[in-house]
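Shown here: final-v9.txt, compact mmCIF, C-alpha atoms.
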```txt
# COMPACT_ATOMS: atom_id res chain seq x y z
CA MET A 20 36.11 30.90 -82.03
CA MET A 21 37.45 27.41 -82.59
CA ALA A 22 41.15 26.79 -83.17
CA LEU A 23 42.17 25.36 -86.52
CA SER A 24 43.66 21.89 -86.66
CA PRO A 25 47.31 21.74 -87.76
CA GLU A 26 46.15 20.46 -91.15
CA LEU A 27 43.72 23.34 -91.70
CA ALA A 28 46.24 25.86 -90.38
CA GLY A 29 48.71 24.55 -92.93
CA PHE A 30 46.11 24.85 -95.67
CA ALA A 31 45.29 28.43 -94.67
CA LYS A 32 48.99 29.22 -95.02
CA ARG A 33 49.06 27.69 -98.52
CA LEU A 34 45.94 29.65 -99.36
CA GLY A 35 47.58 32.84 -98.15
CA HIS A 36 44.86 33.99 -95.78
CA GLU A 37 44.73 33.95 -91.97
CA PHE A 38 41.11 33.46 -90.92
CA HIS A 39 39.62 35.57 -88.15
CA ASP A 40 36.59 33.28 -88.09
CA SER A 41 38.03 29.79 -88.39
CA GLU A 42 34.55 28.24 -88.54
CA LEU A 43 34.13 29.68 -92.03
CA LEU A 44 37.09 27.66 -93.28
CA VAL A 45 35.84 24.51 -91.56
CA ARG A 46 32.47 24.94 -93.24
CA ALA A 47 34.10 25.59 -96.62
CA VAL A 48 35.85 22.21 -96.57
CA THR A 49 32.86 20.25 -95.21
CA HIS A 50 31.13 18.10 -97.83
CA ALA A 51 27.44 17.25 -97.57
CA SER A 52 28.33 13.59 -96.94
CA THR A 53 29.62 14.47 -93.45
CA SER A 54 27.52 17.51 -92.56
CA SER A 55 25.20 17.78 -89.56
CA PRO A 56 23.11 20.49 -87.85
CA ALA A 57 26.19 21.32 -85.81
CA ARG A 58 28.45 21.29 -88.88
CA PRO A 59 26.75 22.72 -92.02
CA ASP A 60 28.11 21.73 -95.43
CA ASN A 61 29.74 24.04 -97.96
CA GLN A 62 26.96 24.24 -100.57
CA ARG A 63 25.76 27.75 -99.71
CA LEU A 64 29.34 29.00 -99.66
CA GLU A 65 29.92 27.35 -103.03
CA PHE A 66 26.95 29.29 -104.46
CA LEU A 67 28.46 32.59 -103.30
CA GLY A 68 32.03 31.72 -104.24
CA ASP A 69 31.04 30.90 -107.81
CA ARG A 70 29.68 34.45 -108.25
CA ILE A 71 32.71 36.08 -106.63
CA LEU A 72 35.09 34.09 -108.80
CA GLY A 73 33.21 35.02 -111.96
CA LEU A 74 33.25 38.73 -111.13
CA VAL A 75 36.95 38.81 -110.21
CA ILE A 76 38.04 36.89 -113.30
CA ALA A 77 35.79 38.89 -115.64
CA GLU A 78 37.29 42.14 -114.36
CA ALA A 79 40.83 40.77 -114.62
CA LEU A 80 40.29 39.73 -118.23
CA MET A 81 38.91 43.14 -119.17
CA ILE A 82 41.93 44.84 -117.61
CA ALA A 83 44.38 42.42 -119.23
CA ASP A 84 42.99 42.97 -122.74
CA GLN A 85 41.23 46.29 -123.17
CA GLU A 86 40.71 45.72 -126.91
CA ALA A 87 38.86 42.42 -126.64
CA ASN A 88 35.13 42.33 -127.28
CA GLU A 89 32.52 40.29 -125.42
CA GLY A 90 32.76 37.44 -127.91
CA GLN A 91 36.48 37.11 -127.21
CA LEU A 92 36.25 37.56 -123.44
CA ALA A 93 33.40 35.11 -122.80
CA PRO A 94 35.24 31.90 -123.78
CA ARG A 95 38.27 32.98 -121.77
CA LEU A 96 36.07 33.55 -118.74
CA ASN A 97 34.43 30.15 -119.18
CA ALA A 98 37.85 28.50 -119.41
CA LEU A 99 39.02 30.09 -116.16
CA VAL A 100 35.94 29.55 -113.98
CA ARG A 101 34.86 26.09 -115.10
CA HIS A 102 35.08 23.19 -112.65
CA GLU A 103 38.17 21.71 -114.27
CA THR A 104 40.17 24.90 -113.64
CA CYS A 105 38.81 25.32 -110.10
CA ALA A 106 39.81 21.73 -109.36
CA GLU A 107 43.27 22.32 -110.83
CA VAL A 108 43.79 25.35 -108.57
CA ALA A 109 42.51 23.29 -105.63
CA ARG A 110 45.12 20.62 -106.37
CA GLU A 111 47.87 23.25 -106.54
CA ILE A 112 47.19 24.18 -102.90
CA ASP A 113 46.35 20.59 -101.87
CA LEU A 114 42.78 21.38 -100.86
CA GLY A 115 41.80 17.74 -101.19
CA SER A 116 43.90 16.75 -98.18
CA VAL A 117 41.74 18.81 -95.79
CA LEU A 118 38.28 18.02 -97.16
CA LYS A 119 35.88 16.69 -94.54
CA LEU A 120 34.12 13.77 -96.22
CA GLY A 121 31.75 11.01 -95.21
CA ARG A 122 32.95 7.42 -95.19
CA SER A 123 31.40 6.57 -98.57
CA GLU A 124 33.04 9.54 -100.26
CA MET A 125 36.36 8.71 -98.62
CA LYS A 126 36.20 5.15 -99.95
CA SER A 127 35.26 6.32 -103.45
CA GLY A 128 38.28 8.61 -103.74
CA GLY A 129 36.45 11.84 -102.96
CA ARG A 130 39.62 13.79 -102.18
CA GLY A 131 40.60 13.58 -105.82
CA LYS A 132 37.19 14.07 -107.43
CA GLU A 133 37.06 17.04 -109.77
CA THR A 134 33.53 18.04 -108.78
CA LEU A 135 34.23 17.99 -105.04
CA LEU A 136 37.48 19.90 -105.44
CA GLY A 137 35.91 22.53 -107.69
CA ASP A 138 32.96 23.04 -105.36
CA ALA A 139 35.21 23.30 -102.31
CA MET A 140 37.51 25.81 -104.05
CA GLU A 141 34.53 28.07 -104.71
CA ALA A 142 33.40 27.64 -101.10
CA VAL A 143 36.85 28.64 -99.82
CA ILE A 144 36.71 31.83 -101.93
CA ALA A 145 33.37 32.69 -100.33
CA ALA A 146 34.76 31.94 -96.87
CA VAL A 147 37.61 34.42 -97.44
CA HIS A 148 35.10 37.03 -98.64
CA LEU A 149 32.87 36.62 -95.57
CA ASP A 150 35.89 36.61 -93.28
CA ALA A 151 37.72 39.65 -94.66
CA GLY A 152 35.71 41.28 -97.43
CA PHE A 153 35.63 41.33 -101.22
CA GLU A 154 38.99 43.00 -101.80
CA VAL A 155 40.86 40.35 -99.81
CA ALA A 156 38.99 37.58 -101.63
CA ARG A 157 39.84 39.30 -104.92
CA GLU A 158 43.54 39.33 -104.02
CA VAL A 159 43.45 35.62 -103.15
CA VAL A 160 41.72 34.73 -106.43
CA LEU A 161 44.09 36.81 -108.55
CA ARG A 162 47.13 35.27 -106.87
CA LEU A 163 45.90 31.69 -107.20
CA TRP A 164 44.63 32.15 -110.77
CA ASP A 165 47.50 34.35 -111.98
CA ASP A 166 49.29 31.70 -114.03
CA HIS A 167 46.01 30.49 -115.51
CA ILE A 168 45.02 34.03 -116.49
CA GLN A 169 48.41 34.66 -118.07
CA HIS A 170 48.22 31.52 -120.18
CA VAL A 171 44.54 31.37 -121.09
CA GLU A 172 44.31 31.03 -124.85
CA LYS A 173 43.28 34.19 -126.68
CA ASP A 174 40.43 32.34 -128.34
CA ALA A 175 39.82 29.93 -125.45
CA LYS A 176 36.83 27.77 -126.12
CA ASP A 177 35.46 24.49 -124.94
CA ALA A 178 37.39 22.03 -127.14
CA LYS A 179 34.29 19.97 -127.94
CA THR A 180 32.43 23.10 -129.03
CA SER A 181 35.36 24.23 -131.18
CA LEU A 182 35.62 20.82 -132.87
CA GLN A 183 31.88 20.74 -133.53
CA GLU A 184 32.05 24.22 -135.09
CA TRP A 185 35.00 23.08 -137.23
CA ALA A 186 33.00 20.10 -138.50
CA GLN A 187 29.82 22.07 -139.14
CA ALA A 188 31.73 24.74 -141.08
CA ARG A 189 32.73 21.97 -143.49
CA GLY A 190 29.28 20.46 -143.80
CA GLN A 191 30.00 17.52 -141.53
CA PRO A 192 27.76 16.08 -138.79
CA PRO A 193 28.80 16.67 -135.14
CA PRO A 194 31.66 14.49 -133.84
CA ALA A 195 30.76 11.25 -132.06
CA TYR A 196 32.26 10.21 -128.71
CA ALA A 197 32.60 6.71 -127.31
CA VAL A 198 34.27 4.91 -124.41
CA VAL A 199 37.22 2.91 -125.72
CA LYS A 200 38.47 1.57 -122.40
CA GLN A 201 37.87 1.83 -118.66
CA GLU A 202 40.66 0.95 -116.26
CA GLY A 203 41.38 1.19 -112.55
CA PRO A 204 39.29 0.37 -109.47
CA ALA A 205 35.63 1.40 -109.23
CA HIS A 206 36.42 4.25 -106.82
CA ALA A 207 39.11 5.72 -109.10
CA PRO A 208 38.38 4.80 -112.73
CA VAL A 209 40.29 6.08 -115.75
CA PHE A 210 38.31 6.44 -118.97
CA THR A 211 39.77 6.45 -122.46
CA MET A 212 37.42 8.27 -124.81
CA GLU A 213 37.53 8.43 -128.60
CA VAL A 214 36.21 11.24 -130.77
CA LEU A 215 35.38 10.31 -134.36
CA LEU A 216 34.39 12.35 -137.40
CA THR A 217 32.36 10.86 -140.26
CA THR A 218 35.38 11.40 -142.51
CA GLY A 219 37.35 8.92 -140.40
CA GLU A 220 39.64 11.22 -138.43
CA SER A 221 39.81 10.31 -134.74
CA ALA A 222 41.74 10.86 -131.53
CA THR A 223 41.71 9.47 -128.00
CA ALA A 224 42.51 10.76 -124.50
CA SER A 225 42.31 9.38 -120.96
CA ALA A 226 41.16 11.00 -117.72
CA PRO A 227 39.32 10.19 -114.45
CA LEU A 228 36.12 11.77 -115.82
CA LYS A 229 34.50 10.97 -119.16
CA ARG A 230 33.87 14.61 -120.01
CA THR A 231 37.48 15.53 -119.25
CA ALA A 232 38.72 12.72 -121.50
CA GLU A 233 36.31 13.87 -124.22
CA GLN A 234 37.73 17.37 -124.00
CA GLY A 235 41.25 16.00 -124.28
CA ALA A 236 40.38 13.90 -127.31
CA ALA A 237 38.63 16.81 -129.00
CA ARG A 238 41.60 19.10 -128.33
CA ARG A 239 44.06 16.59 -129.82
CA LEU A 240 41.99 16.06 -132.95
CA LEU A 241 41.37 19.75 -133.45
CA ARG A 242 45.08 20.56 -133.20
CA ARG A 243 45.85 17.85 -135.76
CA LEU A 244 43.17 19.07 -138.16
CA VAL A 245 44.18 22.71 -137.90
CA GLY A 246 47.83 21.73 -138.37
CA GLN A 247 46.95 19.89 -141.59
CA GLU A 248 45.24 22.99 -142.96
CA SER A 249 48.07 25.41 -142.14
```

Spit out the file's structure as structure tokens when you get a sec.
Amino acid sequence: MMALSPELAGFAKRLGHEFHDSELLVRAVTHASTSSPARPDNQRLEFLGDRILGLVIAEALMIADQEANEGQLAPRLNALVRHETCAEVAREIDLGSVLKLGRSEMKSGGRGKETLLGDAMEAVIAAVHLDAGFEVAREVVLRLWDDHIQHVEKDAKDAKTSLQEWAQARGQPPPAYAVVKQEGPAHAPVFTMEVLLTTGESATASAPLKRTAEQGAARRLLRRLVGQES
């Protein structure tokens, strides 16, 4: 069994799990851009971790609210297991600092990319499961996701979906989204997206990913619209 580097040992401490098989952790943080036959990437672990995360969170939501029906639980589950949330948890334990990336990914700001962080977080969950079993992986997930579970909105929905439903309920066409501005270097862009209704209401938001900025804009506009009606 290989010894963990000081950086990975520090990450394992932040994660809250001491690995018996350190190679599992190394594989979990290895991106395809730097993989080799001697060092497999984390894609298979990501596949498994996604399923483990979904099961753990679904069970936690059912326990937390025993009166909720499937229609109420499903959007909460989606909010907690989507890539944005996985990447947020990854940032909270500084997973990006230990990712093993190829040179091109390093230059393009891979350590901060939402997709890479989300995938690696799922792979780490799978690595804990394979190293110590489902119950230990479950404990890790519940600890890392605890604050997110406690604060997930009761009617959590994808903001773009909620805004589209709001518009359709009032006989309006779906909202339109457009890039207003793009700033920053090519490897770390920041997009400002605008959402616009045919009635003229609009809102903007900025983020490193277009879809994240769209969600932010939709959320802002929806809050404003609902506030006007109340």

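If you measure from each of A:Ser181, A:Gln191, A:Ser41, A:Thr218 to Gln234 (chain A) using all atoms listed in the file, the closest one turns out to be A:Ser181.
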
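Proximity of A:Ser116, A:Thr104, A:Ser221, A:Gln183 to Glu133 (chain A), computed with all atoms listed in the file, is greatest for A:Thr104.
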
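Residue nearest Pro194 (chain A) within the list A:Val48, A:Val159, A:Ala146, A:Ala222: A:Ala222 [criterion: smallest interatomic distance, only C-alpha atoms].
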
Contact check, region 91-121 of chain A to region 50-54 of chain A, at most 8 Å, counting all atoms listed in the file, closest pairs as a Markdown table:
```
| residue | atom | partner | partner_atom | distance |
| --- | --- | --- | --- | --- |
| A:Leu118 | CA | A:His50 | CA | 7.2 |
| A:Lys119 | CA | A:His50 | CA | 5.9 |
| A:Leu120 | CA | A:Thr53 | CA | 5.3 |
| A:Gly121 | CA | A:Thr53 | CA | 4.4 |
```

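Distance check against Ala237 (chain A) using only C-alpha atoms: of A:Asp138, A:Glu202, A:Glu65, A:Asp177, the minimum falls on A:Asp177.
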
Task: Close residues, Ala226 (chain A) itself excluded, 7 Å, all atoms listed in the file, min 5 positions apart in chain, as a ChimeraX atom specification - done: /A:209-211,231-232

Task: Contact residues around Leu64 (chain A) with only C-alpha atoms at 12 Å, ignoring same-chain residues under 4 positions, as number ranges by chain - done: A: 43-50, 59-60, 68-72, 138-150

Open item on the list: Under the rule that only C-alpha atoms are counted, which of A:Gly137, A:Gly129, A:Pro204, A:Gly35 is the nearest residue to Val155 (chain A)?
Closed with: A:Gly35

- [ ] Might you pull out every residue within 10 Å of Lys229 (chain A), with only C-alpha atoms counted and same-chain residues fewer than 4 positions away left off, and present them as a count of residues only?
- [x] 14

Report, as AutoDock Vina command-line options, the axis-aligned box around all atoms of region 36-41 of chain A present in the file, extended by 8 Å on each side; give centre and edge lengths in Å to one decimal place.
```
--center_x 40.7 --center_y 32.7 --center_z -91.9 --size_x 24.3 --size_y 21.8 --size_z 23.7
```

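Of the residues listed (A:Pro25, A:Gly203, A:Thr134, A:Val100), A:Val100 shows the shortest atom-to-atom separation from Leu74 (chain A); distances use all atoms listed in the file.
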
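Going from CA of Ile168 (chain A) over to CA of Leu80 (chain A), you cover 7.6 Å.
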
- [ ] Please write as a list in words the list of polymer residues whose atoms come within 6 Å of (41.6, 5.5, -128.4), counting only C-alpha atoms and keeping to the coordinates of the file.
- [x] Val199, Glu213 and Thr223 of chain A

Open item on the list: I want to know what sits within 7 Å of Ala195 (chain A), based on all atoms listed in the file, with residues of the same chain fewer than 2 positions away left out; could you give that as a VMD selection string?
Closed with: chain A and resid 193 197 214 to 216

Just the selected residues (C-alpha atoms), exported as a compact mmCIF listing (two decimals), in the frame of the given file, please.
```txt
# COMPACT_ATOMS: atom_id res chain seq x y z
CA PRO A 193 28.80 16.67 -135.14
CA ALA A 197 32.60 6.71 -127.31
CA VAL A 214 36.21 11.24 -130.77
CA LEU A 215 35.38 10.31 -134.36
CA LEU A 216 34.39 12.35 -137.40
```

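Put simply, CA of His167 (chain A) is 29.1 Å away from CA of Ser127 (chain A).
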
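CA of Glu107 (chain A) is positioned 23.8 Å from CA of Asp84 (chain A).
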
Open item on the list: Would you pick out the contacts of Leu182 (chain A) at 8 Å or less, using only C-alpha atoms, so that residues sharing its chain but fewer than 3 positions from it are not included, and give the list as a PyMOL selection string?
Closed with: chain A and resi 178-179+185-186+194+237-238+240-241

Reconstruct all heavy atoms of region 134-145 of chain A; output as an mmCIF file, keeping the file's coordinate frame.
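rebuild.cif written:
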```
data_model
loop_
_atom_site.group_PDB
_atom_site.id
_atom_site.type_symbol
_atom_site.label_atom_id
_atom_site.label_comp_id
_atom_site.auth_asym_id
_atom_site.auth_seq_id
_atom_site.Cartn_x
_atom_site.Cartn_y
_atom_site.Cartn_z
ATOM 1 N N THR A 134 34.708 17.297 -109.206
ATOM 2 C CA THR A 134 33.530 18.040 -108.780
ATOM 3 C C THR A 134 33.656 18.512 -107.339
ATOM 4 O O THR A 134 33.381 19.684 -107.032
ATOM 5 C CB THR A 134 32.265 17.183 -108.934
ATOM 6 O OG1 THR A 134 32.116 16.797 -110.300
ATOM 7 C CG2 THR A 134 31.029 17.959 -108.503
ATOM 8 N N LEU A 135 34.087 17.622 -106.451
ATOM 9 C CA LEU A 135 34.230 17.990 -105.040
ATOM 10 C C LEU A 135 35.294 19.056 -104.849
ATOM 11 O O LEU A 135 35.112 20.004 -104.075
ATOM 12 C CB LEU A 135 34.573 16.750 -104.208
ATOM 13 C CG LEU A 135 33.378 15.972 -103.623
ATOM 14 C CD1 LEU A 135 32.519 15.398 -104.728
ATOM 15 C CD2 LEU A 135 33.859 14.867 -102.699
ATOM 16 N N LEU A 136 36.398 18.914 -105.563
ATOM 17 C CA LEU A 136 37.480 19.900 -105.440
ATOM 18 C C LEU A 136 37.044 21.258 -105.974
ATOM 19 O O LEU A 136 37.316 22.295 -105.364
ATOM 20 C CB LEU A 136 38.717 19.414 -106.201
ATOM 21 C CG LEU A 136 39.492 18.268 -105.572
ATOM 22 C CD1 LEU A 136 40.552 17.755 -106.531
ATOM 23 C CD2 LEU A 136 40.126 18.696 -104.259
ATOM 24 N N GLY A 137 36.369 21.266 -107.121
ATOM 25 C CA GLY A 137 35.910 22.530 -107.690
ATOM 26 C C GLY A 137 34.911 23.230 -106.799
ATOM 27 O O GLY A 137 35.000 24.448 -106.579
ATOM 28 N N ASP A 138 33.961 22.463 -106.265
ATOM 29 C CA ASP A 138 32.960 23.040 -105.360
ATOM 30 C C ASP A 138 33.624 23.613 -104.115
ATOM 31 O O ASP A 138 33.287 24.714 -103.657
ATOM 32 C CB ASP A 138 31.941 21.975 -104.959
ATOM 33 C CG ASP A 138 31.020 21.571 -106.101
ATOM 34 O OD1 ASP A 138 31.006 22.278 -107.133
ATOM 35 O OD2 ASP A 138 30.319 20.559 -105.958
ATOM 36 N N ALA A 139 34.551 22.857 -103.536
ATOM 37 C CA ALA A 139 35.210 23.300 -102.310
ATOM 38 C C ALA A 139 36.064 24.537 -102.557
ATOM 39 O O ALA A 139 36.146 25.425 -101.701
ATOM 40 C CB ALA A 139 36.059 22.173 -101.731
ATOM 41 N N MET A 140 36.690 24.627 -103.735
ATOM 42 C CA MET A 140 37.510 25.810 -104.050
ATOM 43 C C MET A 140 36.628 27.048 -104.088
ATOM 44 O O MET A 140 37.003 28.109 -103.571
ATOM 45 C CB MET A 140 38.206 25.597 -105.401
ATOM 46 C CG MET A 140 39.261 26.648 -105.712
ATOM 47 S SD MET A 140 40.693 26.578 -104.628
ATOM 48 C CE MET A 140 40.572 28.152 -103.771
ATOM 49 N N GLU A 141 35.462 26.946 -104.683
ATOM 50 C CA GLU A 141 34.530 28.070 -104.710
ATOM 51 C C GLU A 141 34.070 28.428 -103.302
ATOM 52 O O GLU A 141 33.938 29.608 -102.959
ATOM 53 C CB GLU A 141 33.329 27.736 -105.598
ATOM 54 C CG GLU A 141 33.681 27.622 -107.081
ATOM 55 C CD GLU A 141 32.538 27.117 -107.930
ATOM 56 O OE1 GLU A 141 31.569 26.557 -107.360
ATOM 57 O OE2 GLU A 141 32.606 27.250 -109.166
ATOM 58 N N ALA A 142 33.834 27.399 -102.474
ATOM 59 C CA ALA A 142 33.400 27.640 -101.100
ATOM 60 C C ALA A 142 34.492 28.354 -100.294
ATOM 61 O O ALA A 142 34.207 29.233 -99.478
ATOM 62 C CB ALA A 142 33.029 26.322 -100.423
ATOM 63 N N VAL A 143 35.735 27.995 -100.517
ATOM 64 C CA VAL A 143 36.850 28.640 -99.820
ATOM 65 C C VAL A 143 36.931 30.118 -100.201
ATOM 66 O O VAL A 143 37.185 30.980 -99.349
ATOM 67 C CB VAL A 143 38.170 27.910 -100.134
ATOM 68 C CG1 VAL A 143 39.372 28.747 -99.701
ATOM 69 C CG2 VAL A 143 38.200 26.549 -99.442
ATOM 70 N N ILE A 144 36.706 30.427 -101.474
ATOM 71 C CA ILE A 144 36.710 31.830 -101.930
ATOM 72 C C ILE A 144 35.640 32.614 -101.172
ATOM 73 O O ILE A 144 35.878 33.732 -100.702
ATOM 74 C CB ILE A 144 36.479 31.903 -103.442
ATOM 75 C CG1 ILE A 144 37.687 31.324 -104.190
ATOM 76 C CG2 ILE A 144 36.219 33.344 -103.884
ATOM 77 C CD1 ILE A 144 37.452 31.117 -105.678
ATOM 78 N N ALA A 145 34.458 32.023 -101.052
ATOM 79 C CA ALA A 145 33.370 32.690 -100.330
ATOM 80 C C ALA A 145 33.722 32.857 -98.858
ATOM 81 O O ALA A 145 33.408 33.889 -98.248
ATOM 82 C CB ALA A 145 32.080 31.892 -100.475
#
```
